[in-house]
Amino acid sequence: MAEQNKNSTSTPPRPRGHGPMGRGMAEKPKNFKKSFGMLMHMLKPYRWLILIACLAAAIGTVLYILGPNVTKKMGEEILNHYVIIDGKQVGINYRHIAEIGIWLILLYAASSLLNLCQSYIMASITAKLTKNLRNKISEKINKMPLKYFDGTSTGDILSRVTNDLDTLANSLNESVSSIISSTGLIIGAIILMFVNSWQLALITLASTPVSLIFTVIVVKISQKYFIRQQKYLGEINGEIEEVYSAHNVVRVFNSENEHLKTFDIINNNLSTANFKANYLGGIMHPIMTVTSNIMYALICVIGGIMSINNPIFLATVVTFFTYSRYFNDNITQIASVSTTIQTTVAAAERIFEILDEKEESDESKKPYFDQVFKGDVNFENVKFGYVKDKEIIHNFNQHVLPGQKVAIVGPTGAGKTTLVNLLMRFYEVNSGSIKIDGINIKDMTRAQLRSLFGMVLQDTWLFEGTIKENLTFGNVGASDEQIERACIAANVDHIIKSMPGSYDFVIKDESFSAGEKQLLTIARAMIENAPMLILDEATSSVDTRTEELIQKAMDELTAGRTSFIIAHRLSTIRNADLILVMKDGDIIEQGTHTELMKMHGFYSELYNSQFSKNAPIEEGN
Amino acid sequence: MIKLFKNIKGIEWLFVSIAVGLVVFNSWLDMEIIKCTGTLVGLITGGTATTQGLWQVAGKMIGIALGAFGVNFVSNIVASYTSTHIAKRLRREIFVKVNSFSMEEINKFSTASLITRSTNDINQITQTLFMAMRMAVRAPSMAIFSLINVVNVNLTLSWVTAVALAIMFALIIVMYFVVVPKFTEIQQKTDRINLVTRENLTGLRVVRAYNAEQIELDKFDKANEDLTKTRLFVSRATSFLSPTMNLIMNGMYVAIFWLGAYLVGKNIVGYQDLTVFTQYSMHILMSFMIISILFIMLPRGVTSAKRIAEVLSTQNKIVDGTVEKTKRLGKIEFKNVSFAYPGSQESIIKNINLKINKGETVAFIGSTGSGKSTLINLIPRFYDVTEGEVIVDNVNVKDYKLSVLYEKLGFVPQKALLFKGTVKENILYGKRNATDEEITQALDIAQANFVYNLEGGLDYQIAQGGQNVSGGQRQRLSIARAIVGNPEFYIFDDSFSALDYKTDKALREKLKEVTHNSTTLIVAQRIGTIMDADKIVVLDKGEIVGLGTHKELLKNCKVYKEIALSQLSKEELE
């Protein structure tokens, strides 16, 4: 947090927030030009404001840079004290001093005011820009096909919404502000140094390449160690995470010492890299100090020699200290801004990457089918594969009549959710069609299609909000009576009523057990009251009694609706109208329970394996 | 603050003192350079300057500058070394400590928090120590040296510096009270954004299925608006900082010269005094500025130090016993065992008495919360009993040297956890010197022949936590790991749930062939898994409510029957 505080003051030396020495580790953008261009494009709506900010910064900088030159006049007036012309002391003109003083105060006040304007405007722009970007990502998340999310981790997306945007906000603000003022100060300092004394100006400029060369060398060497440090840090975090989360296993297999050995090796490597990176990073400052001090001494002596017979010139020398300090400080500043810009663009790039992702196709032209759907589902020559050349559903044909119950079974990882993905158009079929009441689902809008299905998933998803909000998620207009009726049917009414605030109870992470959550999602599906249903059957982590309740609620829910059930327990689906048996992504068998048992294929094997044939009781027989 | 320093030990103190001494010395040298400018200007205004004289002073300045560089160089190395050394030691200490914890201590902190403490907090401390040794020493010493010099030059002029300093402090204090509290607010609001986004992402299918995108968007909008408001306030407020600071500094500069003009006129000070005075004053302002920044930064290090101290000072509840050797009797006995989780009033296990003999397969079943997992977790002392005794091979588990106890156990946890490394290395956890043949056999029993289809077979690289194999595969490898050690006792803590029925069955059949020499304890959810156990222990609310074979229990145990019926139909049970 304190970084923000520091970032806005340009004077003190500051370590970055990322590591002991942030400079070497700045994330690099992959395509600087493109991302930079997009960033500029994002800033376009604010171009007039930015222009005003730049203008303010420019004028502010000019005033600021003139300051020391005016101060010089004051110094010269004071130095008159030492000037003796014709044996008479010239002396100080106090009136003149006061005039200059007032001018100077006005000058600096104006400059500060203008700079304030600039940073105020930029701060506002950045905040608004990041807000817009954040909203855009959020909108985007709800528009991208599920394929994207199945291939990307939640953590990664989250980090783009928060970390990257924060980085962008902080660094954009900082870099824009300091680029304007630093460049201005450097140019101004150079001009005014030459105006004052070209000899001293040359000394100052000569020392710059020296310190630059040193800096570049140190950065080059230290880069290696910063990268190493980052790598070992990742390794040690991995080791720690692994060992801590498997604590029981580590202990029970007596492997603490082995892990400690691995840990020690990484820890030593990390420590070495850490040390080298740290001291190389820390060496930059002394190098810059020593070169600027030597330069300072040289200005002193050359300026001194020049003013032996002309004490007034001393004021120029003193002014030079200021200008050369401006010059050097801002060269460093620009150097660090260039890494900040890299960080900015890298963060922007990660954000644009998301915003550039393909969206689900536009459907604004698709018609709305104003009819009552019965729930007749027809799969015609459906072919599908998650990966282009790897078809896993080959030519699937099936007609499901309204009110029928279709069960999908198969071992873990067999791809039981594939059909659901296709039905809901989370993924699109490669060829063939799925028709509901004769209408190809591709011709409907996704919104209408999805409104035809109620869904209860194994992963019971509830959000932070009141119970009521959670229940009416799919049918915002549901009446209180409707809600209560559904909850009674789902056996969850009494649970809700036992919570403080009843239906207005705000659900937090741990408010309900897994079973209770399941019941709530069933109630939610009932309230949506869609003609078709997708059920992912019960979890293993529910106790027996709740399980019974859930089963009853599910039965209640499926009555009269075309339902697709992903089944985990075979006993509950024996009365299904159609059982699809899946293995390794394929539908390998299909039929009713009796048909499938007669086939003596995979299903019957699967079914029989629930009951150990050589249980001791039977062995005895 | 003291907590932070408590982490420094022995020889490290010497290094710290050297680093501190060098930094102070360095600041003094910096002051000397400024003094030299004064001398130089004085030579000219005094009219006694010669080219040679000026070069002499400049030579001295360059000498001091180089000296300061040397000091700086060394102090930098010492400070870097010390801080990284301390970090390394702390990191190891905390790692060793956490490994010695029992579940009770782990749960007290939570695994996630322990991870953060071992990684982020340690890094935070390193950074803070390094910064403390450099900046936190340099800034005050510069401030003190400058203050002394300023007062030495002229007391009247010092008032100007004092006023500037006071204005700056006022500014910092206002900022501190207006802005800093908002940082916590920003953090909370960012967390809120995180929460809403995470919710949307994890519920993506549901959100879309219910066409509820707009609801989610509105929620996000609100959180975003909220965050932006606070952020805007903070960044607008901080945008005052830099221009105001500049104004204060330059104002001070002008004021010194303005007032100085009169003093020079009255010959109270010389022009050279003004030039050095301004530089000292700048240093004072700058140093105090840095000190105030440190006041914001240091507490973070202190918090981290506290969090680390908490871990290191935790007393281990479970300590090693002394028994090093017992016979392989294959016997486990629970004697009046009760157990309540630390801090909980209610016992989760009540007065359990149970004898298990060599070669038996004993299954534990019951609904969630019945205490079945907890009960068998008492054997490896993940927790210690509250009352009663757990006796393995006629010795109380508390009396065992833990490593000896663990050698007897082949434990397969509920959550299959693998380690980064090859498949083979993972299996070798069960038996360090297992032959390839033994490994192959263990994999075969555990139905883990899929290994050979992986790239590299036994040498296939498992990713951290086993993320690159499926849950079922992980589970089978974790079973193979236990099998390879040919342990005296097998403990399966609900280890079959990730397997499908077919694999589950095949595995158990194979396992039976090798476990006749061992005693097997199985916790399970599925009736199918345990139907053929020698003894089935039915637990309900921490008590044994049934004990017998499948057939017996079906007849005389209501709870068992209820569980069985919920999973299988009547005909299937017959």
# chains A, B, ... in the order shown; residues from 1 in each chain; ligands from 1
$ closest_atom_pairs --of "stretch 171-287 of chain B" --to "stretch 41-61 of chain B" --cutoff "8 Å" --atoms "only C-alpha atoms" --output "CSV"
residue,atom,partner,partner_atom,distance
B:Gly270,CA,B:Gly42,CA,7.5
B:Tyr271,CA,B:Thr45,CA,7.5
B:Gln272,CA,B:Val41,CA,5.2
$ select_by_dssp --residues "stretch 312-546 of chain B" --states "strand (DSSP E or B)" --output "PyMOL selection string"
chain B and resi 323+332-339+349-356+361-365+387-392+395-396+400+409-412+421-422+461-462+489-493+519-523+535-540+543-546
$ residues_around --residues "A:Gly474" --least-positions-apart "2" --cutoff "7 Å" --atoms "only C-alpha atoms" --output "ChimeraX atom specification"
/A:472,476,528 /B:210-212
$ residues_around --residues "stretch 487-490 of chain B" --least-positions-apart "3" --cutoff "9 Å" --atoms "only C-alpha atoms" --output "ChimeraX atom specification"
/B:328-331,358,407-412,430,482-484,515,517-522
$ write_last_selection --atoms "C-alpha atoms" --output "PDB file, in the first residue's frame"
ATOM      1  CA  ARG B 328       5.330 -57.746  14.517  1.00  0.00           C
ATOM      2  CA  LEU B 329       2.196 -58.918  16.302  1.00  0.00           C
ATOM      3  CA  GLY B 330      -0.347 -57.235  14.039  1.00  0.00           C
ATOM      4  CA  LYS B 331      -2.524 -56.238  16.970  1.00  0.00           C
ATOM      5  CA  LYS B 358      -3.369 -60.149  13.064  1.00  0.00           C
ATOM      6  CA  GLU B 407       7.294 -47.912   9.914  1.00  0.00           C
ATOM      7  CA  LYS B 408       4.583 -50.327  10.959  1.00  0.00           C
ATOM      8  CA  LEU B 409       1.892 -48.433   9.088  1.00  0.00           C
ATOM      9  CA  GLY B 410       0.974 -48.395   5.427  1.00  0.00           C
ATOM     10  CA  PHE B 411      -1.234 -45.359   5.408  1.00  0.00           C
ATOM     11  CA  VAL B 412      -3.395 -44.327   2.492  1.00  0.00           C
ATOM     12  CA  GLY B 430       6.861 -46.641   1.064  1.00  0.00           C
ATOM     13  CA  ALA B 482       1.672 -48.111   0.916  1.00  0.00           C
ATOM     14  CA  ILE B 483       1.748 -51.642  -0.510  1.00  0.00           C
ATOM     15  CA  VAL B 484       5.399 -51.607  -1.474  1.00  0.00           C
ATOM     16  CA  THR B 515      -2.479 -58.727   3.007  1.00  0.00           C
ATOM     17  CA  ASN B 517       0.182 -61.335   6.620  1.00  0.00           C
ATOM     18  CA  SER B 518      -0.967 -57.856   7.572  1.00  0.00           C
ATOM     19  CA  THR B 519      -3.826 -56.322   9.429  1.00  0.00           C
ATOM     20  CA  THR B 520      -6.071 -54.122   7.348  1.00  0.00           C
ATOM     21  CA  LEU B 521      -8.228 -51.217   8.450  1.00  0.00           C
ATOM     22  CA  ILE B 522     -10.587 -49.667   5.922  1.00  0.00           C
TER      23      ILE B 522
END
$ residues_around --residues "stretch 557-568 of chain A" --least-positions-apart "3" --cutoff "6 Å" --atoms "only C-alpha atoms" --output "VMD selection string"
chain A and resid 375 402 to 409 531 to 537 554
$ write_last_selection --atoms "N, CA and C atoms" --output "PDB file, in the first residue's frame"
ATOM      1  N   GLY A 375     -40.419 -30.575 -24.624  1.00  0.00           N
ATOM      2  CA  GLY A 375     -39.226 -31.294 -24.185  1.00  0.00           C
ATOM      3  C   GLY A 375     -38.957 -32.541 -24.996  1.00  0.00           C
ATOM      4  N   PRO A 402     -40.843 -36.450 -24.824  1.00  0.00           N
ATOM      5  CA  PRO A 402     -41.113 -35.584 -23.679  1.00  0.00           C
ATOM      6  C   PRO A 402     -41.334 -36.416 -22.419  1.00  0.00           C
ATOM      7  N   GLY A 403     -40.743 -35.999 -21.317  1.00  0.00           N
ATOM      8  CA  GLY A 403     -40.953 -36.668 -20.045  1.00  0.00           C
ATOM      9  C   GLY A 403     -40.070 -37.873 -19.819  1.00  0.00           C
ATOM     10  N   GLN A 404     -39.276 -38.245 -20.811  1.00  0.00           N
ATOM     11  CA  GLN A 404     -38.411 -39.407 -20.624  1.00  0.00           C
ATOM     12  C   GLN A 404     -37.199 -39.081 -19.753  1.00  0.00           C
ATOM     13  N   LYS A 405     -36.624 -40.155 -19.233  1.00  0.00           N
ATOM     14  CA  LYS A 405     -35.492 -40.018 -18.327  1.00  0.00           C
ATOM     15  C   LYS A 405     -34.265 -40.638 -18.985  1.00  0.00           C
ATOM     16  N   VAL A 406     -33.248 -39.853 -19.266  1.00  0.00           N
ATOM     17  CA  VAL A 406     -32.048 -40.373 -19.903  1.00  0.00           C
ATOM     18  C   VAL A 406     -30.914 -40.371 -18.875  1.00  0.00           C
ATOM     19  N   ALA A 407     -30.299 -41.522 -18.676  1.00  0.00           N
ATOM     20  CA  ALA A 407     -29.200 -41.576 -17.711  1.00  0.00           C
ATOM     21  C   ALA A 407     -27.879 -41.753 -18.440  1.00  0.00           C
ATOM     22  N   ILE A 408     -26.880 -41.075 -17.945  1.00  0.00           N
ATOM     23  CA  ILE A 408     -25.562 -41.208 -18.541  1.00  0.00           C
ATOM     24  C   ILE A 408     -24.663 -41.816 -17.471  1.00  0.00           C
ATOM     25  N   VAL A 409     -24.091 -42.972 -17.764  1.00  0.00           N
ATOM     26  CA  VAL A 409     -23.235 -43.608 -16.771  1.00  0.00           C
ATOM     27  C   VAL A 409     -21.860 -43.887 -17.353  1.00  0.00           C
ATOM     28  N   PRO A 531     -39.020 -26.926 -18.791  1.00  0.00           N
ATOM     29  CA  PRO A 531     -39.565 -28.197 -19.270  1.00  0.00           C
ATOM     30  C   PRO A 531     -38.544 -29.339 -19.265  1.00  0.00           C
ATOM     31  N   MET A 532     -37.276 -29.013 -19.221  1.00  0.00           N
ATOM     32  CA  MET A 532     -36.271 -30.076 -19.236  1.00  0.00           C
ATOM     33  C   MET A 532     -35.294 -29.897 -18.077  1.00  0.00           C
ATOM     34  N   LEU A 533     -34.587 -30.989 -17.776  1.00  0.00           N
ATOM     35  CA  LEU A 533     -33.726 -30.958 -16.597  1.00  0.00           C
ATOM     36  C   LEU A 533     -32.385 -31.611 -16.869  1.00  0.00           C
ATOM     37  N   ILE A 534     -31.367 -31.077 -16.225  1.00  0.00           N
ATOM     38  CA  ILE A 534     -30.076 -31.751 -16.254  1.00  0.00           C
ATOM     39  C   ILE A 534     -29.656 -31.951 -14.806  1.00  0.00           C
ATOM     40  N   LEU A 535     -29.426 -33.190 -14.449  1.00  0.00           N
ATOM     41  CA  LEU A 535     -29.079 -33.476 -13.056  1.00  0.00           C
ATOM     42  C   LEU A 535     -27.740 -34.170 -12.991  1.00  0.00           C
ATOM     43  N   ASP A 536     -26.914 -33.683 -12.119  1.00  0.00           N
ATOM     44  CA  ASP A 536     -25.677 -34.385 -11.853  1.00  0.00           C
ATOM     45  C   ASP A 536     -25.891 -34.998 -10.482  1.00  0.00           C
ATOM     46  N   GLU A 537     -25.916 -36.292 -10.444  1.00  0.00           N
ATOM     47  CA  GLU A 537     -26.429 -36.954  -9.252  1.00  0.00           C
ATOM     48  C   GLU A 537     -25.509 -36.893  -8.046  1.00  0.00           C
ATOM     49  N   MET A 554     -35.240 -35.050  -5.838  1.00  0.00           N
ATOM     50  CA  MET A 554     -34.905 -35.236  -7.247  1.00  0.00           C
ATOM     51  C   MET A 554     -36.079 -35.899  -7.982  1.00  0.00           C
TER      52      MET A 554
END
$ atom_distance --atom1 "atom CA of B:Tyr452" --atom2 "atom CA of B:Ala480"
14.1 Å
$ residues_around --residues "stretch 265-274 of chain A" --least-positions-apart "3" --cutoff "10 Å" --atoms "only C-alpha atoms" --output "ChimeraX atom specification"
/A:20,222,224-237,239,259-262,277-280 /B:80-81,83-89,91-92,126
$ residues_around --residues "B:Lys350" --least-positions-apart "6" --cutoff "8 Å" --atoms "only C-alpha atoms" --output "number ranges by chain"
B: 336-339, 542-543
$ closest_residue --among "A:Glu359, A:Asp86, A:Asp480, A:Glu241" --to "chain B" --atoms "only C-alpha atoms"
A:Glu241
$ select_by_dssp --residues "stretch 56-97 of chain A" --states "helix (DSSP H, G or I)" --output "number ranges by chain"
A: 56-82, 94-97
$ write_last_selection --atoms "N, CA and C atoms" --output "compact mmCIF listing (two decimals), in the first residue's frame"
# COMPACT_ATOMS: atom_id res chain seq x y z
N ALA A 56 -0.32 21.36 -18.66
CA ALA A 56 -0.08 21.83 -17.30
C ALA A 56 1.29 21.38 -16.83
N ALA A 57 1.59 20.09 -17.11
CA ALA A 57 2.88 19.56 -16.70
C ALA A 57 4.01 20.32 -17.38
N ALA A 58 3.83 20.58 -18.68
CA ALA A 58 4.90 21.25 -19.43
C ALA A 58 5.15 22.64 -18.88
N ILE A 59 4.07 23.43 -18.72
CA ILE A 59 4.26 24.79 -18.19
C ILE A 59 4.83 24.73 -16.78
N GLY A 60 4.28 23.81 -15.98
CA GLY A 60 4.75 23.66 -14.61
C GLY A 60 6.24 23.37 -14.58
N THR A 61 6.68 22.50 -15.49
CA THR A 61 8.09 22.14 -15.53
C THR A 61 8.95 23.32 -15.94
N VAL A 62 8.47 24.05 -16.94
CA VAL A 62 9.24 25.21 -17.39
C VAL A 62 9.43 26.19 -16.23
N LEU A 63 8.34 26.45 -15.51
CA LEU A 63 8.44 27.38 -14.39
C LEU A 63 9.41 26.86 -13.34
N TYR A 64 9.29 25.55 -13.11
CA TYR A 64 10.10 24.93 -12.08
C TYR A 64 11.58 25.03 -12.43
N ILE A 65 11.87 24.80 -13.71
CA ILE A 65 13.27 24.78 -14.14
C ILE A 65 13.86 26.19 -14.14
N LEU A 66 12.97 27.19 -14.28
CA LEU A 66 13.47 28.56 -14.26
C LEU A 66 13.82 29.00 -12.84
N GLY A 67 13.22 28.33 -11.86
CA GLY A 67 13.39 28.69 -10.46
C GLY A 67 14.83 28.94 -10.04
N PRO A 68 15.69 27.95 -10.19
CA PRO A 68 17.07 28.13 -9.73
C PRO A 68 17.77 29.31 -10.41
N ASN A 69 17.38 29.53 -11.68
CA ASN A 69 18.01 30.64 -12.40
C ASN A 69 17.64 31.98 -11.78
N VAL A 70 16.41 32.06 -11.29
CA VAL A 70 16.00 33.29 -10.62
C VAL A 70 16.66 33.38 -9.24
N THR A 71 16.75 32.20 -8.59
CA THR A 71 17.43 32.17 -7.29
C THR A 71 18.87 32.67 -7.44
N LYS A 72 19.44 32.36 -8.59
CA LYS A 72 20.81 32.80 -8.86
C LYS A 72 20.93 34.31 -8.73
N LYS A 73 19.91 34.99 -9.23
CA LYS A 73 19.91 36.46 -9.17
C LYS A 73 20.00 36.91 -7.72
N MET A 74 19.28 36.20 -6.88
CA MET A 74 19.31 36.52 -5.47
C MET A 74 20.71 36.31 -4.91
N GLY A 75 21.31 35.18 -5.31
CA GLY A 75 22.66 34.88 -4.87
C GLY A 75 23.64 35.96 -5.31
N GLU A 76 23.45 36.38 -6.54
CA GLU A 76 24.36 37.41 -7.07
C GLU A 76 24.23 38.71 -6.27
N GLU A 77 22.97 39.01 -5.92
CA GLU A 77 22.74 40.22 -5.14
C GLU A 77 23.44 40.10 -3.79
N ILE A 78 23.35 38.89 -3.18
CA ILE A 78 24.03 38.70 -1.89
C ILE A 78 25.53 38.81 -2.05
N LEU A 79 26.03 38.24 -3.17
CA LEU A 79 27.47 38.25 -3.39
C LEU A 79 28.02 39.66 -3.59
N ASN A 80 27.14 40.59 -3.92
CA ASN A 80 27.58 41.99 -4.04
C ASN A 80 28.24 42.47 -2.75
N HIS A 81 27.86 41.78 -1.67
CA HIS A 81 28.46 42.08 -0.38
C HIS A 81 29.99 42.00 -0.43
N TYR A 82 30.47 41.06 -1.27
CA TYR A 82 31.91 40.84 -1.32
C TYR A 82 32.59 41.62 -2.45
N TYR A 94 18.54 45.24 -0.57
CA TYR A 94 17.51 44.39 0.05
C TYR A 94 16.18 44.44 -0.67
N ARG A 95 15.90 45.62 -1.24
CA ARG A 95 14.66 45.76 -2.00
C ARG A 95 14.63 44.79 -3.16
N HIS A 96 15.80 44.72 -3.83
CA HIS A 96 15.92 43.80 -4.96
C HIS A 96 15.72 42.35 -4.50
N ILE A 97 16.35 42.03 -3.37
CA ILE A 97 16.22 40.68 -2.81
C ILE A 97 14.74 40.35 -2.59
$ closest_residue --among "B:Val397, B:Ala136, B:Leu511, B:Leu204" --to "chain A" --atoms "only C-alpha atoms"
B:Leu204
$ closest_residue --among "A:Gln89, A:Ile240, A:Asn378, A:Tyr386" --to "B:Ile94" --atoms "only C-alpha atoms"
A:Ile240
$ closest_residue --among "A:Asn491, A:Thr417, A:Thr215, A:Ser35" --to "chain B" --atoms "only C-alpha atoms"
A:Thr417
$ atom_distance --atom1 "atom CA of A:Gln342" --atom2 "atom CA of A:Lys33"
10.9 Å
$ closest_residue --among "A:Val301, A:Ile217, A:Ile179, A:Leu107" --to "chain B" --atoms "only C-alpha atoms"
A:Val301
$ atom_distance --atom1 "atom CA of B:Ile530" --atom2 "atom CA of B:Ile352"
20.4 Å
$ closest_residue --among "A:Ile439, A:Asp329, A:Glu357, A:Asn163" --to "A:Lys374" --atoms "only C-alpha atoms"
A:Ile439
